[in-house]
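Some notes on the structure that comes next.
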Number of protein chains: 2
Amino acid sequence: MTRRLPHPGGSVCLPPVSTPREPVVRMPTVLDVARAAGVSRQTVSNVLNAPGLVREATRERVLTEISRLGYQPHASARRLRTRRSSTLGVRLHEPEDGISGALLDQFLHSLTASADRRGYRVMLFAAADPGDEVAHIRRLSDGADVDAFVLTSTEHGDSRVRWLLDNDVPFITFGRPWGGEDLGLHPWVDVDGRAGTREATLHLLDGGRRRVGFLGWPSPSGTGDDRRLGWEQAVAERGAPGGAGMTGESEDHIGEAEEVTARWLDRDPGLDGLVCASDSLALGASFAAGRAGRALEVIGFDNTPVARALGLSSVEQRTDLVAAAILDLLLDGGGVRTAPEEGWETRLIAPELVLRSGRPGD
Amino acid sequence: MTRRLPHPGGSVCLPPVSTPREPVVRMPTVLDVARAAGVSRQTVSNVLNAPGLVREATRERVLTEISRLGYQPHASARRLRTRRSSTLGVRLHEPEDGISGALLDQFLHSLTASADRRGYRVMLFAAADPGDEVAHIRRLSDGADVDAFVLTSTEHGDSRVRWLLDNDVPFITFGRPWGGEDLGLHPWVDVDGRAGTREATLHLLDGGRRRVGFLGWPSPSGTGDDRRLGWEQAVAERGAPGGAGMTGESEDHIGEAEEVTARWLDRDPGLDGLVCASDSLALGASFAAGRAGRALEVIGFDNTPVARALGLSSVEQRTDLVAAAILDLLLDGGGVRTAPEEGWETRLIAPELVLRSGRPGD
DNA sequence: AGGCAACATTTGAACGATCAAATGCTGCCG
DNA sequence: CGGCAGCATTTGATCGTTCAAATGTTGCCT
């Protein structure tokens with residue numbers, strides 16, 4: 001504790017060791033600015049929050065003093081009064097074992113940047129289990145620390161979603177509710193995986209590939225099935241070979257993907273293109289093709305650092321667009337949006353195909 | 001704007017669409033709890049902040065009411081009064097292109113978890129350039145939004161460091177100041193890279209490898225040179241071949257590392273082990289060995305998701321220990337530590353060697 | 001001149017907590 | 001019995017801001 005105590009009755013009295021962070025120079029407040037500009041508190045406040053109410057000349061005088069004194073509004077005082085924190089809460093997930101954990105990293109960055117542009121901040125919280133997470137959410141939202149929550153990777157009958165809905169805490173999810181039942185209950189933003197795999201497939205077919213397969217995760221999987229649909233759509237559009245024979249399944253591990261692809265290449269000598277549901281799968285497939293000496297053009301998904309490092313083509317989730325959309329849906333001009341009558345708005349972001357030569361370090 | 005305006009003079013007057021988030025049920029305050037428990041505000045406050053001052057029986061009565069009413073202290077009100085936010089600010093970096101961006105992700109998670117255990121929160125901010133960053137820091141610290149900052153990856157004569165020092169804003173860095181001049185000016189925590197590469201080298205030598213080289217980044221590089229020192233130390237300890245002939249240099253790109261290693265393998269038919277300054281380098285080296293059909297045992301650094309996915313041995317930075325140390329150094333019992341007379345404390349965290357078989361998906 | 005609306009600015013009162021000092025309440029000692 | 005120390009509890013003030021309502025000020029219309 002660095003606070004100065006009322007001087008315990010010792011006989012020896014040493015001077016304080018070092019100035020214990022007493023407000024060396026007190027930060028200026030609205031009152032200081034007001035006095036300096038010859039106006040009242042409220043006028044200063046208005047200059048910042050409702051400039052339209054203040055006469056041009058007055059406003060300029062106040063603004064000059066604000067910058068001269070280096071005035072910064074005290075965020076906590078403002079929050080206390082307005083009951084609004086201009087802060088979003090984001091749950092940080094246990095770093096995933098898979099190759100694609102970095103997506104969250106990128107998303108966080110985009111979200112922070114987008115939020116900043118709108119005067120919002122991002123606060124993190126980690127939680128061990130769902131119960132713990134609800135406790136955290138409660139603490140943050142009741143303590144008026146955050147205005148709304150952004151959830152990533154929600155599951156089917158997510159307990160957090162239920163709780164947030166029940167308690168009227170505003171939130172949005174990155175990822176649509178695949179279950180279907182919660183469809184209109186909260187806003188969400190997701191990446192249009194189907195459009196991404198469709199574009200990748202078309203690229204391969206239009207580039208001269210004849211037999212383009214799809215390597216995905218075991219069904220059912222909301223995201224995975226959606227990505228397969230894009231491939232199905234593309235091969236149908238071009239009249240290319242499709243159907244069950246042109247698809248493979250593997251868990252999201254490089255090793256398994258490599259084995260599955262190796263067998264597939266043996267069985268199908270004409271296979272010359274492969275669209276995958278993830279970069280892990282794509283990497284495994286790539287290895288299998290290399291080992292078999294086959295010219296297989298592979299495209300992954302998520303454009304993870306691994307794909308970048310190894311020169312693998314991949315479909316990139318535009319986290320910047322996702323983040324911008326999230327803020328659009330969550331906020332309106334003056335704060336967090338309230339529930340509309342006709343159900344929440346949602347948005348699908350088109351991903352972007354990133355092509356690479358296949359050489360590492362590209 | 002969801003706020004109700006003083007009714008602009010239109011002729012048609014529709015009722016409000018939906019209750020505009022008026023406090024449906026007002027959150028209980030200390031006063032509510034106090035009344036319910038038959039005590040005063042301050043006693044409730046003391047139960048939470050200085051339990052020793054309150055008599056056992058009273059405390060229990062108050063605690064009962066607190067949980068019965070579901071009371072949560074209002075964070076902003078507390079901050080306004082105490083001038084302390086219990087929040088740490090972390091700069092989020094532009095996602096690095098390299099393979100190792102995920103380290104920050106992991107660190108963030110650890111930091112959030114450690115902070116939580118001590119009642120602290122983590123707030124993010126992103127900035128385009130150093131000047132912008134200083135502006136952000138100023139806003140956050142003047143607005144009493146955060147108590148201290150955690151900086152990652154500081155550079156030599158970092159402008160941010162200078163500014164923070166000049167303005168008496170508490171901060172700590174993950175990563176030591178390699179320059180040397182700022183050495184005692186602020187607390188820092190870093191990973192003992194030298195100990196990591198030493199352990200990795202010893203592991204290879206004691207496992208039967210005869211010629212173990214080191215592949216690093218071009219000198220000078222604080223982190224890189226430190227990691228090379230660990231290798232030097234280990235080969236000296238075991239009397240194994242060392243010196244310039246046993247080291248290689250490459251930028252942190254898989255492709256270049258592959259080329260460098262390929263040439264090296266040609267030149268040195270006995271080379272059978274390689275300790276690398278990063279996973280990117282290790283991966284490149286691995287590829288080169290595979291292509292050349294040589295049994296080269298490679299160990300990387302950082303234990304990135306890529307290493308995990310590809311089954312590469314690597315030296316892991318224990319971000320959990322780093323985060324814990326950061327909080328230890330930054331905080332004491334009651335808040336942010338003040339500058340000590342004799343210079344700041346610092347801490348080096350021992351990394352951990354993670355061994356893998358070399359098969360993908362391990 | 002009086003009235004009234006529109007605009008510009010000020011004043012008093014919160015927001016919810018903690019600090020600092022005052023007040024009660026014991027019991028002990030001389 | 002008075003005085004005083006020590007503990008438990010309460011009271012008044014304050015942190016910096018914005019809200020709501022009051023007060024000035026101006027100009028226009030009748």
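How things are named: the first chain in the structure tokens is A, the next is B, and so on; residues count from 1 in each chain; ligands count from 1 in the order shown.
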Counting only C-alpha atoms, what are the residues of stretch 105-209 of chain B within 8 Å of stretch 336-341 of chain B, and for each of them which pair of atoms is the nearest and at what distance in Å, to one decimal? Sort the table by chain and rising number, as JSON lines.
{"residue": "B:Asp147", "atom": "CA", "partner": "B:Val336", "partner_atom": "CA", "distance": 7.1}
{"residue": "B:Ala148", "atom": "CA", "partner": "B:Val336", "partner_atom": "CA", "distance": 7.3}
{"residue": "B:Pro170", "atom": "CA", "partner": "B:Val336", "partner_atom": "CA", "distance": 7.5}
Saved selection, atoms kept: N, CA and C atoms, as a PDB file, in the first residue's frame:
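Produced file result-v1.pdb, reproduced below:
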ATOM      1  N   ASP B 147      -4.389   0.927 -14.778  1.00  0.00           N
ATOM      2  CA  ASP B 147      -3.406   1.268 -13.751  1.00  0.00           C
ATOM      3  C   ASP B 147      -1.984   1.148 -14.264  1.00  0.00           C
ATOM      4  N   ALA B 148      -1.780   0.224 -15.166  1.00  0.00           N
ATOM      5  CA  ALA B 148      -0.427  -0.028 -15.640  1.00  0.00           C
ATOM      6  C   ALA B 148      -0.485  -0.683 -17.011  1.00  0.00           C
ATOM      7  N   PRO B 170       3.120   3.609 -14.710  1.00  0.00           N
ATOM      8  CA  PRO B 170       3.707   2.307 -14.394  1.00  0.00           C
ATOM      9  C   PRO B 170       3.580   1.337 -15.565  1.00  0.00           C
TER      10      PRO B 170
END
Selection: 12 Å around C:DA5, only C-alpha atoms (C1' of nucleotides), excl. self and same-chain fewer than 4 positions, as a list in words
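Selected residues are DT26, DG27, DC28 and DC29 of chain D.
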Applying 12 Å and only C-alpha atoms (C1' of nucleotides), which residues near A:Asp266 remain after dropping the ones on its own chain fewer than 2 positions away? List them as an NGL selection string.
:A and (259-264 or 268-271 or 288-289 or 291-294)
Show me which bits of chain A are within 12 Å of chain D, counting only C-alpha atoms (C1' of nucleotides), as number ranges by chain.
A: 27-32, 41-46, 48-50, 72-84
Among stretch 99-135 of chain A, which ones does DSSP place in strand (DSSP E or B), written as a list in words?
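Matching residues, listed in order: Arg121, Val122, Met123, Leu124, Phe125 and Ala126 of chain A.
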Can I get the selected residues back with C-alpha atoms, as a PDB file, in the first residue's frame?
ATOM      1  CA  ARG A 121     -12.624  -0.557 -25.905  1.00  0.00           C
ATOM      2  CA  VAL A 122     -12.147  -4.279 -25.598  1.00  0.00           C
ATOM      3  CA  MET A 123     -11.798  -6.014 -22.290  1.00  0.00           C
ATOM      4  CA  LEU A 124     -10.780  -9.616 -22.011  1.00  0.00           C
ATOM      5  CA  PHE A 125     -11.779 -12.303 -19.661  1.00  0.00           C
ATOM      6  CA  ALA A 126     -10.821 -15.927 -19.428  1.00  0.00           C
TER       7      ALA A 126
END
Point out the residue among B:Ile172, B:Val322, B:Ala309, B:Ala285 with the least atom-to-atom distance to chain A, counting only C-alpha atoms.
B:Ala309
What does the structure give for the distance between atom CA of A:Gly255 and atom CA of A:Gly284, in Å to one decimal?
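Separation between atom CA of A:Gly255 and atom CA of A:Gly284: 6.2 Å.
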Could you name the residues that touch stretch 156-167 of chain A at 9 Å or less, counting only C-alpha atoms (C1' of nucleotides), but leaving out those on the same chain fewer than 2 positions away, as a PyMOL selection string?
chain A and resi 130-131+133-134+137+151+154+169-171+177-180+182+185-186
Using the selection just defined, write its residues with N, CA and C atoms as a PDB file, in the first residue's frame.
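The resulting file, again-v4.pdb, is reproduced below:
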ATOM      1  N   PRO A 130     -17.902 -23.261 -18.388  1.00  0.00           N
ATOM      2  CA  PRO A 130     -19.082 -22.436 -18.676  1.00  0.00           C
ATOM      3  C   PRO A 130     -19.663 -21.767 -17.427  1.00  0.00           C
ATOM      4  N   GLY A 131     -19.726 -22.496 -16.317  1.00  0.00           N
ATOM      5  CA  GLY A 131     -20.260 -21.899 -15.098  1.00  0.00           C
ATOM      6  C   GLY A 131     -19.436 -20.711 -14.661  1.00  0.00           C
ATOM      7  N   GLU A 133     -17.633 -18.992 -16.522  1.00  0.00           N
ATOM      8  CA  GLU A 133     -17.790 -17.915 -17.496  1.00  0.00           C
ATOM      9  C   GLU A 133     -19.023 -17.076 -17.213  1.00  0.00           C
ATOM     10  N   VAL A 134     -20.101 -17.736 -16.871  1.00  0.00           N
ATOM     11  CA  VAL A 134     -21.314 -16.992 -16.549  1.00  0.00           C
ATOM     12  C   VAL A 134     -21.059 -16.088 -15.348  1.00  0.00           C
ATOM     13  N   ILE A 137     -19.207 -13.074 -16.592  1.00  0.00           N
ATOM     14  CA  ILE A 137     -20.087 -12.198 -17.358  1.00  0.00           C
ATOM     15  C   ILE A 137     -20.953 -11.393 -16.405  1.00  0.00           C
ATOM     16  N   LEU A 151     -19.154 -13.035 -28.286  1.00  0.00           N
ATOM     17  CA  LEU A 151     -18.814 -14.445 -28.050  1.00  0.00           C
ATOM     18  C   LEU A 151     -18.271 -15.051 -29.326  1.00  0.00           C
ATOM     19  N   THR A 154     -19.672 -20.301 -30.446  1.00  0.00           N
ATOM     20  CA  THR A 154     -20.763 -20.770 -29.597  1.00  0.00           C
ATOM     21  C   THR A 154     -21.176 -22.175 -30.037  1.00  0.00           C
ATOM     22  N   VAL A 169     -28.749  -9.198 -21.252  1.00  0.00           N
ATOM     23  CA  VAL A 169     -27.437  -8.599 -21.464  1.00  0.00           C
ATOM     24  C   VAL A 169     -27.154  -8.621 -22.958  1.00  0.00           C
ATOM     25  N   PRO A 170     -26.841  -7.477 -23.530  1.00  0.00           N
ATOM     26  CA  PRO A 170     -26.629  -7.418 -24.980  1.00  0.00           C
ATOM     27  C   PRO A 170     -25.392  -8.203 -25.395  1.00  0.00           C
ATOM     28  N   PHE A 171     -25.497  -8.915 -26.476  1.00  0.00           N
ATOM     29  CA  PHE A 171     -24.332  -9.645 -26.974  1.00  0.00           C
ATOM     30  C   PHE A 171     -24.508  -9.972 -28.444  1.00  0.00           C
ATOM     31  N   PRO A 177     -25.673 -19.390 -35.125  1.00  0.00           N
ATOM     32  CA  PRO A 177     -26.191 -20.506 -34.326  1.00  0.00           C
ATOM     33  C   PRO A 177     -26.663 -21.614 -35.254  1.00  0.00           C
ATOM     34  N   TRP A 178     -25.870 -22.642 -35.356  1.00  0.00           N
ATOM     35  CA  TRP A 178     -26.185 -23.686 -36.334  1.00  0.00           C
ATOM     36  C   TRP A 178     -27.423 -24.474 -35.964  1.00  0.00           C
ATOM     37  N   GLY A 179     -27.733 -24.504 -34.660  1.00  0.00           N
ATOM     38  CA  GLY A 179     -28.896 -25.270 -34.224  1.00  0.00           C
ATOM     39  C   GLY A 179     -30.153 -24.887 -34.987  1.00  0.00           C
ATOM     40  N   GLY A 180     -30.345 -23.595 -35.208  1.00  0.00           N
ATOM     41  CA  GLY A 180     -31.520 -23.172 -35.944  1.00  0.00           C
ATOM     42  C   GLY A 180     -32.580 -22.593 -35.041  1.00  0.00           C
ATOM     43  N   ASP A 182     -32.200 -20.815 -32.219  1.00  0.00           N
ATOM     44  CA  ASP A 182     -31.891 -19.487 -31.680  1.00  0.00           C
ATOM     45  C   ASP A 182     -31.739 -18.446 -32.783  1.00  0.00           C
ATOM     46  N   LEU A 185     -32.809 -14.802 -32.197  1.00  0.00           N
ATOM     47  CA  LEU A 185     -32.772 -14.316 -30.818  1.00  0.00           C
ATOM     48  C   LEU A 185     -31.639 -13.357 -30.522  1.00  0.00           C
ATOM     49  N   HIS A 186     -30.605 -13.426 -31.308  1.00  0.00           N
ATOM     50  CA  HIS A 186     -29.498 -12.494 -31.076  1.00  0.00           C
ATOM     51  C   HIS A 186     -28.799 -12.207 -32.394  1.00  0.00           C
TER      52      HIS A 186
END
Write down as a PyMOL selection string the residues belonging to stretch 101-194 of chain A that are assigned helix (DSSP H, G or I) by DSSP computed on the backbone.
chain A and resi 102-117+130-142+159-166+193-194
Each residue of chain C lying at most 6 Å from chain B should get a row with its shortest atom-to-atom pair and the distance in Å to one decimal, counting only C-alpha atoms (C1' of nucleotides); could you produce that, ordered by chain and increasing number, as a tab-separated table?
residue	atom	partner	partner_atom	distance
C:DG16	C1'	B:Ala77	CA	5.1
C:DA17	C1'	B:Arg78	CA	4.8
C:DT18	C1'	B:Arg81	CA	5.9
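Separating atom CA of A:Leu140 from atom CA of A:Thr87 is a distance of 10.3 Å.
Between chain B and the residues A:Glu199, A:Asp332, A:Asp192, A:Asp272, the shortest atom-to-atom distance, using only C-alpha atoms, involves A:Asp332.
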